[in-house]
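Visitor: Pasting structure20.txt below, which is compact mmCIF, C-alpha atoms and all ligand atoms.
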```txt
# COMPACT_ATOMS: atom_id res chain seq x y z
CA MET A 1129 -14.48 170.71 71.95
CA SER A 1130 -13.33 174.32 72.51
CA SER A 1131 -13.45 176.92 69.75
CA ASP A 1132 -9.62 176.76 69.46
CA GLU A 1133 -9.85 173.03 68.81
CA ASP A 1134 -12.53 173.70 66.18
CA VAL A 1135 -10.22 176.03 64.26
CA ALA A 1136 -7.34 173.56 64.43
CA ALA A 1137 -9.56 170.75 63.18
CA VAL A 1138 -10.73 172.83 60.25
CA SER A 1139 -7.25 173.98 59.27
CA ARG A 1140 -5.94 170.40 59.30
CA HIS A 1141 -8.41 169.50 56.56
CA SER A 1142 -8.60 172.82 54.66
CA TYR A 1143 -6.45 173.61 51.68
CA PHE A 1144 -5.85 176.79 49.73
CA ILE A 1145 -6.69 175.95 46.13
CA GLY A 1146 -6.39 179.27 44.31
CA LYS A 1147 -7.54 182.81 43.81
CA LYS A 1148 -11.27 183.22 43.34
CA GLU A 1149 -10.93 185.08 40.05
CA ASN A 1150 -8.67 182.40 38.56
CA ILE A 1151 -11.05 179.59 39.47
CA ILE A 1152 -14.03 181.51 38.13
CA GLN A 1153 -12.18 181.96 34.83
CA ALA A 1154 -11.08 178.32 34.65
CA ARG A 1155 -14.58 177.07 35.68
CA ARG A 1156 -13.09 173.69 36.60
CA VAL A 1157 -9.85 172.72 38.31
CA VAL A 1158 -8.64 169.37 39.57
CA LYS A 1159 -6.60 169.47 42.76
CA SER A 1160 -4.78 166.79 44.71
CA VAL A 1161 -5.40 167.63 48.32
CA GLY A 1162 -4.44 165.42 51.22
CA GLU A 1163 -5.01 161.95 49.89
CA ARG A 1164 -7.80 162.84 47.46
CA ASP A 1165 -8.16 164.15 43.93
CA VAL A 1166 -10.99 166.66 43.86
CA LEU A 1167 -12.76 168.52 41.08
CA VAL A 1168 -13.64 172.11 41.96
CA ILE A 1169 -16.31 173.69 39.79
CA TYR A 1170 -17.59 177.22 39.47
CA HIS A 1171 -21.12 177.10 38.06
CA LYS A 1172 -23.64 179.92 37.89
CA GLY A 1173 -22.31 181.85 40.87
CA ASP A 1174 -21.54 178.92 43.14
CA PHE A 1175 -18.51 176.77 43.88
CA TYR A 1176 -18.74 173.00 44.21
CA ALA A 1177 -16.20 170.31 45.04
CA ILE A 1178 -16.60 166.63 44.31
CA ASP A 1179 -14.36 163.57 44.02
CA VAL A 1180 -12.99 163.71 40.50
CA ARG A 1181 -13.44 160.03 39.51
CA CYS A 1182 -16.96 158.73 39.02
CA TYR A 1183 -18.26 156.25 41.60
CA HIS A 1184 -19.42 153.85 38.89
CA SER A 1185 -16.16 152.99 37.21
CA GLY A 1186 -13.73 155.85 37.73
CA GLY A 1187 -14.78 158.06 34.78
CA PRO A 1188 -13.20 161.53 34.54
CA LEU A 1189 -15.89 163.85 35.89
CA GLN A 1190 -13.85 166.93 34.96
CA GLU A 1191 -14.94 166.16 31.38
CA GLY A 1192 -18.63 165.73 32.21
CA ASP A 1193 -21.39 168.10 31.15
CA ILE A 1194 -23.41 169.99 33.74
CA GLU A 1195 -27.15 169.76 33.13
CA LYS A 1196 -30.29 170.74 35.01
CA ASP A 1197 -32.92 168.47 33.44
CA PHE A 1198 -33.28 166.08 36.31
CA ASP A 1199 -36.31 167.26 38.30
CA GLY A 1200 -34.68 170.68 38.32
CA ARG A 1201 -31.57 169.36 40.07
CA THR A 1202 -28.18 170.30 38.69
CA CYS A 1203 -26.13 167.24 37.82
CA LEU A 1204 -22.73 166.38 36.54
CA VAL A 1205 -23.12 163.80 33.77
CA CYS A 1206 -20.26 161.32 33.64
CA PRO A 1207 -18.74 161.20 30.14
CA TRP A 1208 -18.22 157.42 30.22
CA HIS A 1209 -21.67 155.90 30.84
CA LYS A 1210 -23.78 159.03 31.44
CA TYR A 1211 -24.55 158.47 35.11
CA LYS A 1212 -26.10 161.57 36.67
CA ILE A 1213 -24.61 162.89 39.93
CA THR A 1214 -26.09 165.86 41.77
CA LEU A 1215 -23.46 168.53 42.04
CA ALA A 1216 -24.34 169.75 45.52
CA GLU A 1217 -24.95 166.42 47.28
CA GLY A 1218 -23.25 163.69 45.24
CA GLU A 1219 -26.46 161.70 44.86
CA GLY A 1220 -26.72 159.21 42.02
CA LEU A 1221 -29.96 159.71 40.07
CA TYR A 1222 -31.74 157.26 37.80
CA GLN A 1223 -35.04 157.10 35.97
CA ALA A 1224 -37.67 154.55 36.90
CA VAL A 1225 -41.13 153.67 35.60
CA ASP A 1226 -43.97 152.33 37.73
CA PRO A 1227 -45.64 149.77 35.42
CA SER A 1228 -48.90 149.96 37.40
CA VAL A 1229 -49.36 153.65 36.52
CA LYS A 1230 -50.69 154.31 33.01
CA PRO A 1231 -49.67 156.08 30.90
CA LEU A 1232 -46.13 155.05 31.73
CA LYS A 1233 -44.15 158.00 32.90
CA PRO A 1234 -40.47 157.88 33.91
CA THR A 1235 -39.57 159.70 37.12
CA TRP A 1236 -36.20 160.58 38.59
CA CYS A 1237 -35.19 158.63 41.69
CA SER A 1238 -32.16 158.72 43.98
CA LYS A 1239 -29.71 155.92 44.71
CA GLY A 1240 -28.48 157.97 47.70
CA ILE A 1241 -25.09 159.59 48.13
CA LYS A 1242 -22.62 157.91 45.80
CA GLN A 1243 -20.00 160.59 45.18
CA ARG A 1244 -18.22 162.32 48.06
CA VAL A 1245 -18.66 166.10 47.95
CA HIS A 1246 -16.51 168.59 49.81
CA THR A 1247 -16.89 172.15 51.07
CA VAL A 1248 -15.59 175.24 49.29
CA THR A 1249 -15.21 178.52 51.15
CA VAL A 1250 -14.06 181.90 49.90
CA SER A 1251 -12.18 184.30 52.14
CA ASN A 1252 -10.58 187.57 50.98
CA GLU A 1253 -10.63 186.41 47.33
CA ASP A 1254 -8.90 183.13 48.26
CA VAL A 1255 -10.65 179.83 47.77
CA PHE A 1256 -10.27 176.99 50.25
CA LEU A 1257 -11.33 173.39 50.11
CA THR A 1258 -12.33 171.47 53.21
CA LEU A 1259 -12.39 167.74 52.74
CA ASN A 1260 -15.47 165.86 53.79
CA ASN A 1261 -14.06 163.26 56.15
CA SER A 1262 -17.41 161.88 57.25
CA PRO A 1263 -17.20 158.18 58.01
CA GLY A 1264 -17.74 156.18 54.89
CA PRO A 1265 -17.66 154.38 52.87
CA ILE A 1266 -19.09 156.39 50.00
CA ASP A 1267 -18.83 154.62 46.65
CA SER A 1268 -16.45 157.17 45.09
CA ASP A 1269 -13.90 156.45 47.88
CA TYR A 1270 -12.96 153.30 45.97
CA TYR A 1271 -11.30 155.39 43.24
CA GLN A 1272 -9.37 157.50 45.73
CA THR A 1273 -7.16 154.65 46.91
CA GLU A 1274 -3.44 154.82 46.19
CA LYS A 1275 -3.81 152.03 43.60
CA TYR A 1276 -6.32 153.97 41.51
CA ARG A 1277 -4.73 157.36 42.00
CA ASN A 1278 -1.46 155.96 40.60
CA THR A 1279 -3.25 154.21 37.72
CA PHE A 1280 -5.12 157.34 36.66
CA LEU A 1281 -2.04 159.50 37.10
CA LYS A 1282 -0.05 157.25 34.75
CA GLU A 1283 -2.87 157.24 32.18
CA GLY A 1284 -3.03 161.02 32.33
CA GLN A 1285 0.71 161.25 31.76
CA LYS A 1286 0.50 158.90 28.75
CA LYS A 1287 -2.23 161.08 27.18
CA THR A 1288 -0.14 164.22 27.55
CA LYS A 1289 2.94 162.64 25.86
S1 LIG B 1301 -17.72 155.60 34.95
FE1 LIG B 1301 -19.12 157.20 35.25
S2 LIG B 1301 -20.96 156.41 34.49
FE2 LIG B 1301 -19.59 154.79 34.30
```
As structure tokens - that is how I would like this structure written.
Guide:
Amino acid sequence: MSSDEDVAAVSRHSYFIGKKENIIQARRVVKSVGERDVLVIYHKGDFYAIDVRCYHSGGPLQEGDIEKDFDGRTCLVCPWHKYKITLAEGEGLYQAVDPSVKPLKPTWCSKGIKQRVHTVTVSNEDVFLTLNNSPGPIDSDYYQTEKYRNTFLKEGQKKTK
């Protein structure tokens, strides 16, 4: 692929999502880009982008806390059932205990990538989102289908009435 084709491919999947200063102030914004709903987060000097509905059961990750108590990894904690999702990679974390090791001591383990994460770039104070179109499926894709996007949209509209 030539460098011209590279630029075209990037621009087809990149979206302007706002001014850097505005997103830093808001800390979190949810954007519908292409056929996905994505949560963009500014946290401690870095931008992150992740599918907005939790891979487990569609929970609203924009309402989740951000914590760093999971082996030093920063996670978004889903407000519905408290699943931990690493902000940078979208890995699902869980605690496990090896019963053969005494005293019992829980350790954090990974379920692998469960939530699709996307790329945020900043150029001249503008923030752009590039969708991660890597071949799936990734579990969070399930809640990005038209059926679920419409369901969640309607629920959101009911709450704001
Ligand atoms: S919906 Fe997120 S943990 Fe269940």
Visitor: Mind running chain A against ligand LIG 1301 (chain B) at 10 Å and telling me each contacting residue's nearest atom pair with the distance in Å (one decimal), counting only C-alpha atoms and all ligand atoms, chain and number ascending, as CSV?
Guide:
```
residue,atom,partner,partner_atom,distance
A:Arg1181,CA,B:LIG1301,FE1,7.6
A:Cys1182,CA,B:LIG1301,FE1,4.6
A:Tyr1183,CA,B:LIG1301,FE1,6.5
A:His1184,CA,B:LIG1301,S1,4.6
A:Ser1185,CA,B:LIG1301,S1,3.8
A:Gly1186,CA,B:LIG1301,S1,4.9
A:Gly1187,CA,B:LIG1301,S1,3.8
A:Pro1188,CA,B:LIG1301,FE1,7.4
A:Leu1189,CA,B:LIG1301,FE1,7.4
A:Gly1192,CA,B:LIG1301,FE1,9.1
A:Leu1204,CA,B:LIG1301,FE1,9.9
A:Val1205,CA,B:LIG1301,S2,7.7
A:Cys1206,CA,B:LIG1301,FE1,4.6
A:Pro1207,CA,B:LIG1301,FE1,6.5
A:Trp1208,CA,B:LIG1301,FE2,5.0
A:His1209,CA,B:LIG1301,S2,3.8
A:Lys1210,CA,B:LIG1301,S2,4.9
A:Tyr1211,CA,B:LIG1301,S2,4.2
A:Lys1212,CA,B:LIG1301,S2,7.6
A:Ile1213,CA,B:LIG1301,FE1,9.2
A:Gly1220,CA,B:LIG1301,S2,9.9
```
Visitor: Taking into account all atoms listed in the file, which residue in the set A:Lys1275, A:Gly1173, A:Leu1257, A:Asn1252 is nearest to A:Lys1159?
Guide: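 With all atoms listed in the file as the atom set, the closest residue is A:Leu1257.
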Visitor: Where's the centre, and what are the edge lengths in Å to one decimal, of a box along x, y and z enclosing all listed atoms of stretch 1229-1232 of chain A padded 3 Å per side, as AutoDock Vina command-line options?
Guide:
```
--center_x -48.4 --center_y 154.9 --center_z 33.7 --size_x 10.6 --size_y 8.4 --size_z 11.6
```
Visitor: List the spatial neighbours of A:Lys1242 as a PyMOL selection string - criterion: any atom at most 6 Å away, all atoms listed in the file, same-chain residues fewer than 5 positions off excluded.
Guide: chain A and resi 1218-1220+1266-1267
Visitor: Go ahead and write the selection's residues with C-alpha atoms as a CSV table (one decimal), in the coordinates of the input.
Guide:
```csv
chain,number,residue,atom,x,y,z
A,1218,GLY,CA,-23.2,163.7,45.2
A,1219,GLU,CA,-26.5,161.7,44.9
A,1220,GLY,CA,-26.7,159.2,42.0
A,1266,ILE,CA,-19.1,156.4,50.0
A,1267,ASP,CA,-18.8,154.6,46.6
```
Visitor: Need to verify the contact set: A:Gly1146, 10 Å, all atoms listed in the file, exclusion of same-chain residues closer than 2 positions in sequence. Can you return it as a ChimeraX atom specification?
Guide: /A:1143-1144,1148-1151,1157,1159,1250,1253-1257
Visitor: Within 12 Å of stretch 1269-1273 of chain A, counting all atoms listed in the file, which residues show up once you throw out same-chain ones fewer than 3 positions away? Write them as JSON, numbers by chain, please.
Guide: {"A": [1160, 1161, 1162, 1163, 1164, 1165, 1166, 1178, 1179, 1180, 1181, 1182, 1183, 1184, 1185, 1186, 1187, 1188, 1241, 1242, 1243, 1244, 1245, 1260, 1261, 1262, 1263, 1264, 1265, 1266, 1276, 1277, 1278, 1279, 1280, 1281]}
Visitor: Distance atom CA of A:Glu1217-atom CA of A:Arg1156, one decimal place?
Guide: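 Going from atom CA of A:Glu1217 over to atom CA of A:Arg1156, I get 17.5 Å.
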Visitor: So the first atom is atom CA of A:Ile1152 and the second is atom CA of A:Thr1214; what is the distance between them in Å, to one decimal place?
Guide: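 Separation between atom CA of A:Ile1152 and atom CA of A:Thr1214: 20.1 Å.
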Visitor: Select, from A:Val1229, A:Ile1145, A:Leu1215, A:Leu1221, the residue with the minimum atom-to-atom distance to A:Cys1203, counting all atoms listed in the file.
Guide: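 Ranked by minimum distance to A:Cys1203, first place goes to A:Leu1215.
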Visitor: Hey, which of A:Tyr1170, A:Gln1190, A:Lys1196, A:Thr1202 ends up closest to A:Val1158? Count all atoms listed in the file.
Guide: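 Ranked by minimum distance to A:Val1158, first place goes to A:Gln1190.
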Visitor: Save N, CA and C atoms of stretch 1217-1254 of chain A from the block above as a PDB file, in the first residue's frame.
Guide:
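Okay, decode.pdb is ready:
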```
ATOM      1  N   GLU A1217      -6.320  -1.252  27.144  1.00  0.00           N
ATOM      2  CA  GLU A1217      -6.361  -2.432  26.268  1.00  0.00           C
ATOM      3  C   GLU A1217      -7.738  -3.056  26.103  1.00  0.00           C
ATOM      4  N   GLY A1218      -8.661  -2.768  27.046  1.00  0.00           N
ATOM      5  CA  GLY A1218      -9.971  -3.405  26.994  1.00  0.00           C
ATOM      6  C   GLY A1218      -9.981  -4.829  27.530  1.00  0.00           C
ATOM      7  N   GLU A1219      -8.986  -5.164  28.340  1.00  0.00           N
ATOM      8  CA  GLU A1219      -8.948  -6.517  28.917  1.00  0.00           C
ATOM      9  C   GLU A1219      -9.922  -6.628  30.084  1.00  0.00           C
ATOM     10  N   GLY A1220     -10.588  -7.753  30.186  1.00  0.00           N
ATOM     11  CA  GLY A1220     -11.421  -8.034  31.348  1.00  0.00           C
ATOM     12  C   GLY A1220     -10.546  -8.669  32.414  1.00  0.00           C
ATOM     13  N   LEU A1221     -10.574  -8.108  33.627  1.00  0.00           N
ATOM     14  CA  LEU A1221      -9.772  -8.670  34.727  1.00  0.00           C
ATOM     15  C   LEU A1221     -10.680  -9.331  35.757  1.00  0.00           C
ATOM     16  N   TYR A1222     -10.154 -10.356  36.392  1.00  0.00           N
ATOM     17  CA  TYR A1222     -10.885 -11.010  37.481  1.00  0.00           C
ATOM     18  C   TYR A1222      -9.874 -11.499  38.510  1.00  0.00           C
ATOM     19  N   GLN A1223     -10.378 -11.757  39.712  1.00  0.00           N
ATOM     20  CA  GLN A1223      -9.499 -12.263  40.770  1.00  0.00           C
ATOM     21  C   GLN A1223      -9.658 -13.765  40.907  1.00  0.00           C
ATOM     22  N   ALA A1224      -8.543 -14.450  41.070  1.00  0.00           N
ATOM     23  CA  ALA A1224      -8.572 -15.897  41.245  1.00  0.00           C
ATOM     24  C   ALA A1224      -7.685 -16.282  42.429  1.00  0.00           C
ATOM     25  N   VAL A1225      -8.004 -17.447  43.005  1.00  0.00           N
ATOM     26  CA  VAL A1225      -7.216 -17.964  44.127  1.00  0.00           C
ATOM     27  C   VAL A1225      -6.744 -19.364  43.760  1.00  0.00           C
ATOM     28  N   ASP A1226      -5.466 -19.628  43.966  1.00  0.00           N
ATOM     29  CA  ASP A1226      -4.943 -20.982  43.752  1.00  0.00           C
ATOM     30  C   ASP A1226      -5.056 -21.713  45.087  1.00  0.00           C
ATOM     31  N   PRO A1227      -5.980 -22.698  45.183  1.00  0.00           N
ATOM     32  CA  PRO A1227      -6.216 -23.356  46.475  1.00  0.00           C
ATOM     33  C   PRO A1227      -5.018 -24.165  46.967  1.00  0.00           C
ATOM     34  N   SER A1228      -4.057 -24.452  46.081  1.00  0.00           N
ATOM     35  CA  SER A1228      -2.899 -25.245  46.508  1.00  0.00           C
ATOM     36  C   SER A1228      -1.832 -24.364  47.167  1.00  0.00           C
ATOM     37  N   VAL A1229      -1.991 -23.057  47.085  1.00  0.00           N
ATOM     38  CA  VAL A1229      -0.998 -22.143  47.664  1.00  0.00           C
ATOM     39  C   VAL A1229      -1.558 -21.565  48.951  1.00  0.00           C
ATOM     40  N   LYS A1230      -0.888 -21.852  50.066  1.00  0.00           N
ATOM     41  CA  LYS A1230      -1.332 -21.343  51.371  1.00  0.00           C
ATOM     42  C   LYS A1230      -0.313 -20.322  51.874  1.00  0.00           C
ATOM     43  N   PRO A1231      -0.677 -19.226  52.528  1.00  0.00           N
ATOM     44  CA  PRO A1231      -2.074 -18.836  52.710  1.00  0.00           C
ATOM     45  C   PRO A1231      -2.699 -18.417  51.384  1.00  0.00           C
ATOM     46  N   LEU A1232      -4.029 -18.565  51.332  1.00  0.00           N
ATOM     47  CA  LEU A1232      -4.743 -18.219  50.103  1.00  0.00           C
ATOM     48  C   LEU A1232      -4.551 -16.746  49.798  1.00  0.00           C
ATOM     49  N   LYS A1233      -4.253 -16.480  48.570  1.00  0.00           N
ATOM     50  CA  LYS A1233      -4.013 -15.082  48.198  1.00  0.00           C
ATOM     51  C   LYS A1233      -4.587 -14.820  46.795  1.00  0.00           C
ATOM     52  N   PRO A1234      -5.628 -13.967  46.737  1.00  0.00           N
ATOM     53  CA  PRO A1234      -6.205 -13.683  45.407  1.00  0.00           C
ATOM     54  C   PRO A1234      -5.233 -12.916  44.518  1.00  0.00           C
ATOM     55  N   THR A1235      -5.201 -13.272  43.247  1.00  0.00           N
ATOM     56  CA  THR A1235      -4.370 -12.524  42.286  1.00  0.00           C
ATOM     57  C   THR A1235      -5.239 -12.119  41.093  1.00  0.00           C
ATOM     58  N   TRP A1236      -4.846 -11.022  40.455  1.00  0.00           N
ATOM     59  CA  TRP A1236      -5.593 -10.540  39.302  1.00  0.00           C
ATOM     60  C   TRP A1236      -5.166 -11.304  38.055  1.00  0.00           C
ATOM     61  N   CYS A1237      -6.157 -11.732  37.289  1.00  0.00           N
ATOM     62  CA  CYS A1237      -5.912 -12.478  36.051  1.00  0.00           C
ATOM     63  C   CYS A1237      -6.684 -11.810  34.912  1.00  0.00           C
ATOM     64  N   SER A1238      -6.285 -12.129  33.692  1.00  0.00           N
ATOM     65  CA  SER A1238      -6.935 -11.529  32.521  1.00  0.00           C
ATOM     66  C   SER A1238      -7.803 -12.539  31.798  1.00  0.00           C
ATOM     67  N   LYS A1239      -8.964 -12.077  31.350  1.00  0.00           N
ATOM     68  CA  LYS A1239      -9.828 -12.902  30.486  1.00  0.00           C
ATOM     69  C   LYS A1239      -9.482 -12.670  29.029  1.00  0.00           C
ATOM     70  N   GLY A1240      -8.532 -11.737  28.764  1.00  0.00           N
ATOM     71  CA  GLY A1240      -8.220 -11.339  27.393  1.00  0.00           C
ATOM     72  C   GLY A1240      -8.997 -10.078  27.031  1.00  0.00           C
ATOM     73  N   ILE A1241      -8.863  -9.685  25.784  1.00  0.00           N
ATOM     74  CA  ILE A1241      -9.531  -8.461  25.322  1.00  0.00           C
ATOM     75  C   ILE A1241     -11.029  -8.722  25.192  1.00  0.00           C
ATOM     76  N   LYS A1242     -11.799  -7.959  25.936  1.00  0.00           N
ATOM     77  CA  LYS A1242     -13.257  -8.111  25.930  1.00  0.00           C
ATOM     78  C   LYS A1242     -13.970  -6.869  25.421  1.00  0.00           C
ATOM     79  N   GLN A1243     -13.338  -5.723  25.586  1.00  0.00           N
ATOM     80  CA  GLN A1243     -13.948  -4.452  25.199  1.00  0.00           C
ATOM     81  C   GLN A1243     -13.093  -3.833  24.098  1.00  0.00           C
ATOM     82  N   ARG A1244     -13.725  -3.437  23.010  1.00  0.00           N
ATOM     83  CA  ARG A1244     -12.945  -2.867  21.896  1.00  0.00           C
ATOM     84  C   ARG A1244     -12.493  -1.461  22.265  1.00  0.00           C
ATOM     85  N   VAL A1245     -11.195  -1.209  22.143  1.00  0.00           N
ATOM     86  CA  VAL A1245     -10.652   0.130  22.390  1.00  0.00           C
ATOM     87  C   VAL A1245     -10.252   0.742  21.051  1.00  0.00           C
ATOM     88  N   HIS A1246     -10.235   2.051  21.015  1.00  0.00           N
ATOM     89  CA  HIS A1246      -9.965   2.795  19.784  1.00  0.00           C
ATOM     90  C   HIS A1246      -8.814   3.764  20.041  1.00  0.00           C
ATOM     91  N   THR A1247      -8.372   4.424  18.974  1.00  0.00           N
ATOM     92  CA  THR A1247      -7.200   5.294  19.080  1.00  0.00           C
ATOM     93  C   THR A1247      -7.613   6.759  19.069  1.00  0.00           C
ATOM     94  N   VAL A1248      -7.045   7.515  19.999  1.00  0.00           N
ATOM     95  CA  VAL A1248      -7.289   8.961  20.045  1.00  0.00           C
ATOM     96  C   VAL A1248      -5.991   9.662  19.657  1.00  0.00           C
ATOM     97  N   THR A1249      -6.096  10.641  18.759  1.00  0.00           N
ATOM     98  CA  THR A1249      -4.927  11.442  18.405  1.00  0.00           C
ATOM     99  C   THR A1249      -5.294  12.914  18.537  1.00  0.00           C
ATOM    100  N   VAL A1250      -4.297  13.713  18.875  1.00  0.00           N
ATOM    101  CA  VAL A1250      -4.499  15.153  19.022  1.00  0.00           C
ATOM    102  C   VAL A1250      -3.629  15.845  17.995  1.00  0.00           C
ATOM    103  N   SER A1251      -4.237  16.754  17.248  1.00  0.00           N
ATOM    104  CA  SER A1251      -3.499  17.503  16.235  1.00  0.00           C
ATOM    105  C   SER A1251      -3.981  18.942  16.265  1.00  0.00           C
ATOM    106  N   ASN A1252      -3.055  19.883  16.491  1.00  0.00           N
ATOM    107  CA  ASN A1252      -3.412  21.313  16.527  1.00  0.00           C
ATOM    108  C   ASN A1252      -4.618  21.580  17.433  1.00  0.00           C
ATOM    109  N   GLU A1253      -4.613  21.013  18.615  1.00  0.00           N
ATOM    110  CA  GLU A1253      -5.687  21.227  19.604  1.00  0.00           C
ATOM    111  C   GLU A1253      -7.006  20.560  19.220  1.00  0.00           C
ATOM    112  N   ASP A1254      -7.037  19.819  18.132  1.00  0.00           N
ATOM    113  CA  ASP A1254      -8.236  19.063  17.758  1.00  0.00           C
ATOM    114  C   ASP A1254      -8.030  17.596  18.119  1.00  0.00           C
TER     115      ASP A1254
END
```
